[in-house]
Amino acid sequence: MKVIRIATRQSALALKQTEIVSGALQALFPQLKIEIIGLTTEGDRRLETSLAKIGGKGLFVKELEQALLNNEADIAVHSMKDVPFEISDSFCIAAILKREDPRDVLISNRYNYLTELPNKAVIGTSSFRRIKQLKAKKPDLQFVELRGNVPTRIKKLEDNNLDAIVLAAAGLNRLALQNRIKSYLPLEDFIPAAGQGAIGIECCKTNKAIIQLVSQLTDRLTQFCVQTERMVAKTLNASCHTPLGVYAEIFNENLVIKGFSAKIENDEYVTASVQGSKEQAELLAKQLAEKLRF
C-alpha cells in the first residue's frame with residue numbers, strides 16, 4: 001500500500017487533526033504517500049441553524065462515511081466527540097489517538113474567570129451540556145447560539161459583543177491559540193463530552209489491510225477511556241440533544257468514570273461517579289448510566 005486517502009472536513013481544526021494523523025502515519029511508514037480529500041459536510045453548510053434542529057453532530061460525519069463507501073477515501077478523521085454513539089455496521093473506529101486536554105475553557109476579552117462574570121453576562125455556546133453546567137454554577141447567565149469553526153467563534157466573541165465564549169481546550173491547543181484561553185473550567189464541575197479531545201480514525205469494516213495499518217496509531221489508554229465514555233452515552237440512548245458529560249480516567253490502577261446529565265426543559269441536573277477495576281468497565285458504565293438517568 002503506497003497511498004492512503006484521508007477524508008476530512010475542511011475547517012482549520014479538522015485539517016490540523018488530519019495533519020496530525022498524516023504525520024503519525026508517515027512517522028511509522030515513511031514510504032507512505034498521503035492524499036487529503038477535503039469535504040464540506042451538511043453540518044458545515046448549515047451554520048445558521050442549531051445542530052439539534054437539523055440532525056445533530058452526525059451531520060459532520062455522513063459525507064465522510066459516504067466517501068469511504070464510494071471508495072473515494074480509505075480513512076476518515078473525526079473528533080471523537082462528533083461521532084454518533086451508534087455507527088453503521090459498515091464502519092469501525094480503527095484507531096483513537098492519544099487524547100489532548102479534555103477540558104473546556106473560558107475565552108473572554110473582559111474577564112479571566114467564570115466567577116468574575118457580571119449578572120446576566122452573555123455567553124456564546126451551542127452546547128446544551130455547557131449551558132446546563134454553566135447555569136448550575138451561575139443561574140443568571142444568558143446564552144446565545146455559537147456555531148462555526150474555532151476562529152469564527154472567536155471572531156464572534158468580538159463582533160457580537162459577547163462577555164465570553166466556552167470552547168474545548170483541545171481545539172485551541174491544536175490550532176496554537178492557547179493565548180486566547182483565560183481559564184480552564186475544572187473537570188470536577190465541567191465534565192466534558194464523551195470523547196472530547198480525542199481524534200478517531202474511521203474506515204470500512206471490510207478494509208482489513210487499512211484497519212491493520214492505522215490501528216497501530218491507537219493510544220490504548222485513550223481508546224479504553226473513550227470507549228467507556230461512549231458506552232455510558234450509548235446506554236442512555238444519548239444524542240446531541242442530551243446535556244450529557246462523561247469522563248473516564250485511570251487513577252491508581254482503578255477506572256473512575258464521572259458523569260453529568262441534565263433535563264432540557266428545566267434546571268434539574270445530576271452528577272455521579274463510579275469506580276472499580278478496569279475489567280469492570282462495561283458494568284461500571286451501565287451503573288453510571290443508571291445514576292444519570294432521569
# chains A, B, ... in the order shown; residues from 1 in each chain; ligands from 1
call {"tool": "closest_atom_pairs", "arguments": {"of": "region 68-168 of chain A", "to": "region 187-190 of chain A", "cutoff": "8 Å", "atoms": "only C-alpha atoms", "output": "CSV"}}
result
residue,atom,partner,partner_atom,distance
A:Arg103,CA,A:Leu187,CA,6.4
A:Asp104,CA,A:Phe190,CA,7.2
A:Arg130,CA,A:Phe190,CA,7.6
A:Gln133,CA,A:Phe190,CA,6.2
call {"tool": "closest_atom_pairs", "arguments": {"of": "region 140-228 of chain A", "to": "region 255-259 of chain A", "cutoff": "12 Å", "atoms": "only C-alpha atoms", "output": "Markdown table"}}
result
| residue | atom | partner | partner_atom | distance |
| --- | --- | --- | --- | --- |
| A:Leu187 | CA | A:Lys258 | CA | 9.1 |
| A:Glu188 | CA | A:Lys258 | CA | 8.4 |
| A:Asp189 | CA | A:Gly259 | CA | 9.9 |
| A:Phe190 | CA | A:Gly259 | CA | 9.6 |
| A:Ile191 | CA | A:Gly259 | CA | 6.6 |
| A:Pro192 | CA | A:Gly259 | CA | 8.8 |
| A:Ala193 | CA | A:Gly259 | CA | 9.4 |
| A:Ala194 | CA | A:Gly259 | CA | 9.5 |
| A:Leu221 | CA | A:Leu255 | CA | 10.8 |
| A:Phe224 | CA | A:Leu255 | CA | 10.0 |
| A:Cys225 | CA | A:Leu255 | CA | 8.6 |
| A:Val226 | CA | A:Ile257 | CA | 10.6 |
| A:Gln227 | CA | A:Ile257 | CA | 11.6 |
| A:Thr228 | CA | A:Ile257 | CA | 8.2 |
call {"tool": "closest_residue", "arguments": {"among": "A:Leu244, A:Cys203, A:Ile20, A:Leu64", "to": "Thr41 (chain A)", "atoms": "only C-alpha atoms"}}
result
A:Leu64
call {"tool": "atom_distance", "arguments": {"atom1": "CA of Lys182 (chain A)", "atom2": "CA of Ile250 (chain A)"}}
result
27.9 Å
call {"tool": "residues_around", "arguments": {"residues": "Ala168 (chain A)", "least_positions_apart": "3", "cutoff": "10 Å", "atoms": "only C-alpha atoms", "output": "PDB file with N, CA and C atoms, in the first residue's frame"}}
result
ATOM      1  N   GLU A 100      -5.831  14.812  23.705  1.00  0.00           N
ATOM      2  CA  GLU A 100      -5.391  16.157  24.085  1.00  0.00           C
ATOM      3  C   GLU A 100      -6.094  16.504  25.402  1.00  0.00           C
ATOM      4  N   ASP A 101      -5.894  17.721  25.874  1.00  0.00           N
ATOM      5  CA  ASP A 101      -6.559  18.203  27.085  1.00  0.00           C
ATOM      6  C   ASP A 101      -8.082  18.102  26.901  1.00  0.00           C
ATOM      7  N   PRO A 102      -8.783  17.371  27.769  1.00  0.00           N
ATOM      8  CA  PRO A 102     -10.225  17.187  27.581  1.00  0.00           C
ATOM      9  C   PRO A 102     -11.086  18.336  28.115  1.00  0.00           C
ATOM     10  N   ARG A 103     -10.475  19.313  28.777  1.00  0.00           N
ATOM     11  CA  ARG A 103     -11.261  20.333  29.481  1.00  0.00           C
ATOM     12  C   ARG A 103     -11.892  21.376  28.551  1.00  0.00           C
ATOM     13  N   ASP A 104     -12.912  22.028  29.067  1.00  0.00           N
ATOM     14  CA  ASP A 104     -13.470  23.220  28.439  1.00  0.00           C
ATOM     15  C   ASP A 104     -12.722  24.437  28.973  1.00  0.00           C
ATOM     16  N   VAL A 105     -12.752  25.511  28.184  1.00  0.00           N
ATOM     17  CA  VAL A 105     -12.051  26.732  28.596  1.00  0.00           C
ATOM     18  C   VAL A 105     -12.939  27.953  28.395  1.00  0.00           C
ATOM     19  N   LEU A 106     -12.642  28.986  29.181  1.00  0.00           N
ATOM     20  CA  LEU A 106     -13.323  30.271  29.067  1.00  0.00           C
ATOM     21  C   LEU A 106     -12.462  31.209  28.235  1.00  0.00           C
ATOM     22  N   VAL A 150     -13.457  27.179  14.946  1.00  0.00           N
ATOM     23  CA  VAL A 150     -12.885  27.836  16.129  1.00  0.00           C
ATOM     24  C   VAL A 150     -12.543  29.307  15.868  1.00  0.00           C
ATOM     25  N   GLY A 171      -9.074  21.916  20.855  1.00  0.00           N
ATOM     26  CA  GLY A 171      -9.085  22.612  19.574  1.00  0.00           C
ATOM     27  C   GLY A 171      -8.174  23.821  19.568  1.00  0.00           C
ATOM     28  N   LEU A 172      -8.189  24.568  20.658  1.00  0.00           N
ATOM     29  CA  LEU A 172      -7.325  25.749  20.761  1.00  0.00           C
ATOM     30  C   LEU A 172      -5.860  25.348  20.806  1.00  0.00           C
ATOM     31  N   ASN A 173      -5.554  24.292  21.532  1.00  0.00           N
ATOM     32  CA  ASN A 173      -4.172  23.810  21.599  1.00  0.00           C
ATOM     33  C   ASN A 173      -3.675  23.378  20.226  1.00  0.00           C
ATOM     34  N   TYR A 184      -9.185  27.622  32.572  1.00  0.00           N
ATOM     35  CA  TYR A 184      -9.669  26.263  32.320  1.00  0.00           C
ATOM     36  C   TYR A 184     -10.807  25.966  33.297  1.00  0.00           C
ATOM     37  N   LEU A 185     -11.887  25.407  32.789  1.00  0.00           N
ATOM     38  CA  LEU A 185     -13.008  25.047  33.644  1.00  0.00           C
ATOM     39  C   LEU A 185     -12.722  23.678  34.260  1.00  0.00           C
ATOM     40  N   PRO A 192     -16.560  16.964  30.539  1.00  0.00           N
ATOM     41  CA  PRO A 192     -16.622  17.157  29.086  1.00  0.00           C
ATOM     42  C   PRO A 192     -17.528  16.150  28.377  1.00  0.00           C
ATOM     43  N   ALA A 193     -17.744  16.414  27.096  1.00  0.00           N
ATOM     44  CA  ALA A 193     -18.495  15.481  26.255  1.00  0.00           C
ATOM     45  C   ALA A 193     -17.702  14.187  26.109  1.00  0.00           C
ATOM     46  N   GLN A 196     -14.255  13.900  24.155  1.00  0.00           N
ATOM     47  CA  GLN A 196     -13.692  15.234  23.907  1.00  0.00           C
ATOM     48  C   GLN A 196     -12.167  15.212  23.999  1.00  0.00           C
ATOM     49  N   GLY A 197     -11.512  15.804  23.002  1.00  0.00           N
ATOM     50  CA  GLY A 197     -10.052  15.880  22.976  1.00  0.00           C
ATOM     51  C   GLY A 197      -9.377  14.741  22.239  1.00  0.00           C
TER      52      GLY A 197
END
call {"tool": "select_by_dssp", "arguments": {"residues": "region 98-179 of chain A", "states": "strand (DSSP E)", "output": "compact mmCIF listing (two decimals) with C-alpha atoms, in the first residue's frame"}}
result
# COMPACT_ATOMS: atom_id res chain seq x y z
CA ASP A 104 -13.47 23.22 28.44
CA VAL A 105 -12.05 26.73 28.60
CA LEU A 106 -13.32 30.27 29.07
CA ILE A 107 -12.40 32.82 26.41
CA VAL A 122 -23.94 36.81 27.79
CA ILE A 123 -22.10 33.59 26.88
CA GLY A 124 -21.72 32.17 23.38
CA GLN A 142 -27.64 34.39 29.34
CA PHE A 143 -26.73 32.31 26.27
CA VAL A 144 -26.59 32.87 22.53
CA ALA A 164 -17.34 35.21 26.97
CA ILE A 165 -17.45 32.01 24.96
CA VAL A 166 -16.71 28.44 26.03
CA LEU A 167 -14.74 26.08 23.80
CA ALA A 168 -12.78 22.83 24.07
call {"tool": "closest_residue", "arguments": {"among": "A:Ile201, A:Val83, A:Ala121, A:Leu177", "to": "Ala12 (chain A)", "atoms": "only C-alpha atoms"}}
result
A:Leu177
call {"tool": "closest_residue", "arguments": {"among": "A:Gln31, A:Gln178, A:Val214, A:Phe128", "to": "Leu97 (chain A)", "atoms": "only C-alpha atoms"}}
result
A:Val214
call {"tool": "residues_around", "arguments": {"residues": "Ala24 (chain A)", "least_positions_apart": "5", "cutoff": "12 Å", "atoms": "only C-alpha atoms", "output": "PyMOL selection string"}}
result
chain A and resi 17-19+29-30+32+34+95-98+213-219
call {"tool": "residues_around", "arguments": {"residues": "Leu283 (chain A)", "least_positions_apart": "4", "cutoff": "12 Å", "atoms": "only C-alpha atoms", "output": "list in words"}}
result
Thr228, Met231, Val232, Thr235, Leu255, Ile257, Val274, Gln275, Gly276, Ser277, Lys278, Glu279, Gln287, Leu288, Ala289 and Glu290 of chain A
call {"tool": "closest_residue", "arguments": {"among": "A:Ala73, A:Ile181, A:Ala94, A:Ile264", "to": "Tyr113 (chain A)", "atoms": "only C-alpha atoms"}}
result
A:Ile181
call {"tool": "closest_residue", "arguments": {"among": "A:Ile36, A:Ile93, A:Ile154, A:Val246", "to": "Gly200 (chain A)", "atoms": "only C-alpha atoms"}}
result
A:Ile93
call {"tool": "closest_residue", "arguments": {"among": "A:Lys263, A:Arg230, A:Arg147, A:Arg129", "to": "Met80 (chain A)", "atoms": "only C-alpha atoms"}}
result
A:Arg230
call {"tool": "residues_around", "arguments": {"residues": "Ser90 (chain A)", "least_positions_apart": "4", "cutoff": "8 Å", "atoms": "only C-alpha atoms", "output": "PDB file with C-alpha atoms, in the first residue's frame"}}
result
ATOM      1  CA  CYS A 204     -14.903   0.437   6.272  1.00  0.00           C
ATOM      2  CA  LYS A 205     -15.074  -2.768   8.306  1.00  0.00           C
ATOM      3  CA  THR A 206     -14.223  -4.803   5.232  1.00  0.00           C
TER       4      THR A 206
END
